[in-house]
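Structure first, commentary second.
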Amino acid sequence: MQPAELTAIDIVTAVRQGDLTAVQCTLAFLQRIEAHNGSINAFLHVDAAGALATAERIDKRRSQGLPIGPLAGLPVAVKDAICTADQPTTCASKMLAHFRPPYDAEVVARLRAADAVIVGKTNMDEFAMGGSNENSAFGPVRNPWDVTRAPGGSSGGSAACVAADMAPVAIGSDTGGSIRQPAGLCGITGLKPTYGRVSRRGLVAFASSLDQIGPMARSAADCALIMETIAGHDPGDATSLTGGVPRYSTQLDQPLAGVRIGRVPEHFAAGLDPEVARGVEEAFAVFKAAGATVHDIQLPHAKYGVPTYYLIAPCEASSNLARYDGAHYGHRATRRDEEGHRATRRDEEGHGTAPHTPGAFESPLVEMYCRSRAEGFGPEVKRRIMLGTYALSAGYYDAYYAKALRVRRLIRQDYLNAFEQVDLIGGPVSATAAFKLGEKTNDPLAMYLVDLYTVTANLAGVGGISFPCGFTKSGLPIGFQLQAPALGEGLLLRATDRFQHLTAWHQRRPKSIPSAGPAGR
Amino acid sequence: MNASPTAPFTTIIGLEVHVQLQTRTKLFCGCSTQFGAPPNTQVCPTCLGLPGSLPVMNRQAFALALRAALALNCTIAPTTKWDRKNYFYPDLPKGYQISQFDLPFSSAGHLEVVDPKGAFAPRDVGIIRVHLEEDAGKSMHDEAAGTGDTRIDLNRAGTPLCEIVTQPDLRSPQEARAWLNELKLLLVYLGVSDCNMQEGSLRVDANINLHIPQPDGRIAKTPIVEIKNMNSFRSVERALVYETARQYQEWQETKAEMGSKPKQTRGWDEPAGITRGQRAKEESSDYRYFPEPDLVLVTVDAAQLAAVQSGMTEPPTELRKALESRWKISAYDSDVLVNQGRELVGYFEELAGAIGEGKVASNWMQQDVLRTLNERGGTIDAFPVTPAGLADLIRRVTAGDFDTSRAREIFAEMVTSGRSAADVVATLGISAVDDDELLTLCHELLAANPKIVADVRGGKEQAAAGLIGQAKKKNANVNPGKVREKCLELIRAMG
């Protein structure tokens, strides 16, 4: 078997046992990236030299009999919203096109400390705003199962690179479904942990109260391995949860007998693609066969999830993205008259001539702010900044933001009530399999509905996992989602792992990925 | 209403004071708060607002803020939260300030100011709220370069800042200044802030308007003006005096009342001695406050409050009363001593304890120690004469070894040389003059000055003063009072 087809667990085992060197493994994935990134566009930056240097260090340490970390030699791709001190962090935005953080995000630091090999930074929707990866300033990611289709988003690059065997593991972030939905559309396994389980420090904030980092891999077992490294309290993140991290990997093989899985009938209402519905129902049958029981439950306020999310997230985003103003770092608009700037000012003073574009801006500072932001942000980011700014404005706050917070509490309560009756909630990840690139780009509301089944977990702060549970007739993956009470990652991973022992959907690979981009880049 | 007999209106003043807390590190990161470092050297990803950075609350800053609020008699909220105040400015790198909006950690307090000379009646000023927030950086507009460039120093960004908002309870500029002095004294005593206005660790904005009784009995209220840009308490008083007159004149010209126009902000122009209107646009900001999602709620329990309370020293008001009763000194004296700070009070109490007398110690403190400190500069901690050393000197005066003016010379020498009273006395050849020596000296004086003796015998006792100067020349150590007394006694004995 080629190293690029191995699971994360196989890789770390092989490296530890000396059956595979970290360099061999890294090279294998770098070759996959070289062969296929042109058509998939999953990576915005590949650090071949840095990755190989890290791999060599690990091999040397091992050969000298020195201890190596639990992820030694494992190539990991990191979403470009997560800071890396040695690689750019652009958030797929022109605003941060040339930004290099002076520090590693906590998750990256933990991965490095565990001797993982950071191979590169993955494409995404700009500032994680989107569900198709078409909002990247650096071109869309293409779904490895069908390059005319979207991989989902916002962690589309992370999902596609795993699906295309360009990395065994990727790190994503999930604010309203951004790990689970692309994992579902790309046929891989993605875990959004409980809010606060993984440190957000170094994750470029989109909506701080919803953002959560998590692993994306080919199986629940691989996600469990990564979680053992990245989860846990970080005193540098005030919202980080305290408490120890279980050895998820060692608990995976416990049977599901007696586990109660909730099924929400509303999930199967109009709008859900029949092929997806069939795949999801078959997954419930697999869980039953594994010993779990399935019960219909109610989440009465879930139907307000999308509108609630699209108030809270843009409100926080409007504030989180205020720092990108051109003053300190990031994109700054050049003045139209930059060359003649000093001379013009002297002329103005000398002859009292009118300044350029009279009346357009109240000061050169405001002009710099406005033009830097106008040039640096893409349309979806601007739309959400405007939505959030409006909703937080005096006179609108109570009607929008404050009301959204109240609904959020109701949704959270729905989950608490539901989890008194069941241990997990199952259902679809998204209403359809991967859609065509461009299909929804002119209809922002249709695009927002791709988050229908995923946003409520973020609003409630609970964890969720998505994994493949079948394929459409045209060969596209169908995703299944499980959600658990707070800190229920162990059960999510275990249930998914049991499912993956009874099915082989997660082992399917896209047949042929074009070597060059359909339209190039 | 208490319109003064000289002014046909009552002045209504409320203050908004920002004080930087005396913490070693910033409110939400570990950067130093030391003043005066080269620009942008005390910064990190968090206070620079870099992408992905997160704030973590400095518990020491919160404890100091609690101390300030308790000393201002505020109610402490059991739970408080942080909010974001959103606005764009280059010295605000995140585009928002972490502050407190609708649930400040403390509210409803008060602080009284009393003038011991009775310049105004004691005034208990209500505190609406005290909240904690992060300071912004500094913008320096480099006009000199001729380019209109602005330089940004973010060393200050993130320094913990307490905002104290008073009720409009002050009734004159003089009261406002006195109250600010009292507030500063309190905060310095408690170690909450150094309150150094030059370094910007204390900043004041004032709100002022006039209540003008009308012939029909109605009270006309002039529009409220907020005055900014005052860099000393003296400026605050001057600006308020100016603004009082300006508002009264404006009232007479326009009869404009509160509500007829939005609250105006005026900047104090110190050299010109006037307030100037600022652009109305700056006032109509919508800060779009919302709860800071990067921070968690802060809870304050009884144990925590008790710990803060037990770590607090006596505030100035209580200390003044304590000094009055412990040392039997006047309210005026205790006010002077306490206003000089905790360390000077410590010196005084040590001195008073050593000589067993408050009033004498207080006089020495005010007339000699304070005067010397003023002349030499420096703090009482570094004062060259210790309380024990000064007590030794005072005891020698009380024993009649020498008079007070001689003692002052000795004191001056002790200050300059840092030596003890005994040492100085020995060096200067100062020693107590015994009774025999004194008698011999007086006899010599009388023999040498028959005219003075005749004058005194003729009833002009004041002529004896001529003997004192001569006595000093003969023996610098004699006590002039004793010389005078002994000479008069001898002359009277002549019959």
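In the structure tokens, chains take letters A, B, ... by order of appearance, with residues numbered from 1 within each chain and ligands from 1 in the order shown.
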
Pick out the chain A residues within 9 Å of chain B. Count only C-alpha atoms. Give them as a ChimeraX atom specification.
/A:81-83,101-103,105,200-205,207-209,235-239,315-316,319-325,327-329,342,345-346,365-366,369,389,391-394,397,401

Go ahead and write the residues just picked, C-alpha atoms, as an mmCIF file, in the first residue's frame.
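Result went into again-v7.cif, see below:
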data_model
loop_
_atom_site.group_PDB
_atom_site.id
_atom_site.type_symbol
_atom_site.label_atom_id
_atom_site.label_comp_id
_atom_site.auth_asym_id
_atom_site.auth_seq_id
_atom_site.Cartn_x
_atom_site.Cartn_y
_atom_site.Cartn_z
ATOM 1 C CA ALA A 81 -7.464 30.511 9.371
ATOM 2 C CA ILE A 82 -5.112 28.979 11.947
ATOM 3 C CA CYS A 83 -1.898 30.844 12.667
ATOM 4 C CA PRO A 101 1.767 35.595 12.123
ATOM 5 C CA PRO A 102 4.566 35.954 14.669
ATOM 6 C CA TYR A 103 3.230 32.953 16.560
ATOM 7 C CA ALA A 105 -1.833 28.806 17.197
ATOM 8 C CA ARG A 200 -9.171 28.881 19.849
ATOM 9 C CA ARG A 201 -5.965 30.807 20.495
ATOM 10 C CA GLY A 202 -4.433 31.473 17.121
ATOM 11 C CA LEU A 203 -7.605 30.719 15.183
ATOM 12 C CA VAL A 204 -8.441 33.910 13.304
ATOM 13 C CA ALA A 205 -11.812 34.754 14.784
ATOM 14 C CA ALA A 207 -17.643 34.407 15.409
ATOM 15 C CA SER A 208 -15.912 33.906 18.728
ATOM 16 C CA SER A 209 -18.813 32.336 20.618
ATOM 17 C CA PRO A 235 -4.981 29.066 30.036
ATOM 18 C CA GLY A 236 -4.487 31.470 27.118
ATOM 19 C CA ASP A 237 -8.089 31.022 25.971
ATOM 20 C CA ALA A 238 -10.563 32.189 28.606
ATOM 21 C CA THR A 239 -13.365 30.165 26.983
ATOM 22 C CA CYS A 315 -22.655 40.587 14.729
ATOM 23 C CA GLU A 316 -19.531 39.049 16.225
ATOM 24 C CA SER A 319 -16.517 43.415 15.462
ATOM 25 C CA ASN A 320 -13.866 40.699 14.982
ATOM 26 C CA LEU A 321 -13.055 41.962 11.509
ATOM 27 C CA ALA A 322 -12.830 45.638 12.525
ATOM 28 C CA ARG A 323 -9.106 45.201 13.126
ATOM 29 C CA TYR A 324 -8.490 44.778 9.406
ATOM 30 C CA ASP A 325 -8.389 48.485 8.727
ATOM 31 C CA ALA A 327 -3.568 50.823 9.887
ATOM 32 C CA HIS A 328 -1.319 48.195 11.441
ATOM 33 C CA TYR A 329 -1.052 45.163 9.140
ATOM 34 C CA ARG A 342 3.615 65.117 -0.388
ATOM 35 C CA ARG A 345 -0.270 68.598 0.177
ATOM 36 C CA ARG A 346 2.187 71.424 -0.126
ATOM 37 C CA LEU A 365 -7.688 58.402 7.611
ATOM 38 C CA VAL A 366 -11.312 57.489 6.911
ATOM 39 C CA TYR A 369 -9.983 52.747 6.143
ATOM 40 C CA THR A 389 -23.090 46.229 12.010
ATOM 41 C CA ALA A 391 -28.040 44.405 13.776
ATOM 42 C CA LEU A 392 -25.872 45.804 16.575
ATOM 43 C CA SER A 393 -26.776 49.427 15.872
ATOM 44 C CA ALA A 394 -28.653 51.533 18.388
ATOM 45 C CA TYR A 397 -29.983 45.702 18.978
ATOM 46 C CA TYR A 401 -29.061 40.640 18.467
#

Which of region 349-471 of chain A fall in strand (DSSP E or B), as JSON, numbers by chain:
{"A": [424, 425, 426, 427, 428, 436, 463, 464, 465, 466, 467, 468, 469, 470, 471]}

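Proximity to Ser201 (chain B) at 8 Å, evaluated using only C-alpha atoms and with sequence-adjacent residues fewer than 3 positions away removed, yields His18, Val19, Gln20, Leu21, Ser193, Asp194, Cys195, Asn196, Met197 and Gln198 of chain B.
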
Where in region 192-422 of chain B does DSSP assign helix (DSSP H, G or I), given as an NGL selection string?
:B and (233-254 or 280-283 or 302-310 or 316-327 or 331-339 or 342-355 or 358-376 or 380-382 or 387-398 or 404-417 or 421-422)

Quick one: residues within 9 Å of region 110-116 of chain B, only C-alpha atoms counted, chain neighbours fewer than 2 positions away excluded, as a PyMOL selection string?
chain B and resi 71-74+108+118-128+166-167+175+178-183+317+331-332+335

List the neighbours of Asp368 (chain B) out to 12 Å using only C-alpha atoms; skip same-chain residues closer than 2 positions along the sequence, and give me the result as a PyMOL selection string.
chain B and resi 360-366+370-376+385+390+394+404-405+407-412+415

Tell me which protein, DNA and RNA residues are within 10 Å of Ala457 (chain A), counting only C-alpha atoms, leaving out same-chain ones fewer than 2 positions away, and put them as a short mmCIF file (atom, residue, chain, number, x, y, z; two decimals) with C-alpha atoms, in the first residue's frame.
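Final output, saved to selection-v9.cif:
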data_model
loop_
_atom_site.label_atom_id
_atom_site.label_comp_id
_atom_site.auth_asym_id
_atom_site.auth_seq_id
_atom_site.Cartn_x
_atom_site.Cartn_y
_atom_site.Cartn_z
CA THR A 175 -18.56 28.00 13.21
CA GLY A 176 -21.86 26.83 11.75
CA GLY A 177 -20.94 23.54 10.12
CA LYS A 192 -16.57 19.57 15.66
CA PRO A 193 -15.75 19.26 19.36
CA THR A 194 -17.71 20.85 22.20
CA TYR A 195 -17.20 24.63 22.31
CA LEU A 210 -19.33 29.72 17.89
CA ALA A 302 -34.19 24.14 15.68
CA GLY A 305 -31.32 27.97 13.99
CA ILE A 411 -32.13 26.06 21.29
CA ARG A 412 -29.58 25.15 23.96
CA TYR A 415 -30.69 20.06 23.38
CA TYR A 453 -28.61 20.83 10.03
CA THR A 454 -25.32 21.96 11.48
CA VAL A 455 -25.72 25.46 13.00
CA LEU A 459 -25.48 27.64 18.91
CA ALA A 460 -25.86 25.06 21.70
CA GLY A 461 -22.10 24.61 22.06
CA VAL A 462 -22.30 20.82 21.72
CA GLY A 463 -20.14 18.56 19.63
CA GLY A 464 -20.99 16.94 16.31
CA GLN A 483 -24.44 15.18 17.88
CA ALA A 484 -23.73 14.59 21.56
CA PRO A 485 -24.09 16.48 24.84
CA ALA A 486 -21.23 18.76 25.92
#

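If you measure from each of B:Ala220, B:Ile452, B:Ile76, B:Ala69 to Thr299 (chain B) using only C-alpha atoms, the closest one turns out to be B:Ile76.
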
Find the distance between CA of Ala72 (chain A) and CA of Ala116 (chain A) and write it in Å to one decimal.
5.3 Å

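Within the 6 Å cut-off around Lys228 (chain B), using only C-alpha atoms and omitting residues fewer than 2 positions from it on the same chain, the listed residues are Asp205, Met230 and Gly267 of chain B.
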
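Shortest atom-to-atom contact with Glu257 (chain B) among B:Leu210, B:Ala239, B:Ala303, B:Ala322: B:Leu210, counting only C-alpha atoms.
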
Go through A:Ser363, A:Leu299, A:Arg335, A:Pro307 and flag the residue nearest Asn417 (chain A), using only C-alpha atoms for the distances.
A:Leu299

Expressed in Å, the length from CA of Asp165 (chain A) to CA of Ala221 (chain A) is 16.7 Å

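From CA of Lys184 (chain B) back to CA of Thr33 (chain B), the distance works out to 19.6 Å.
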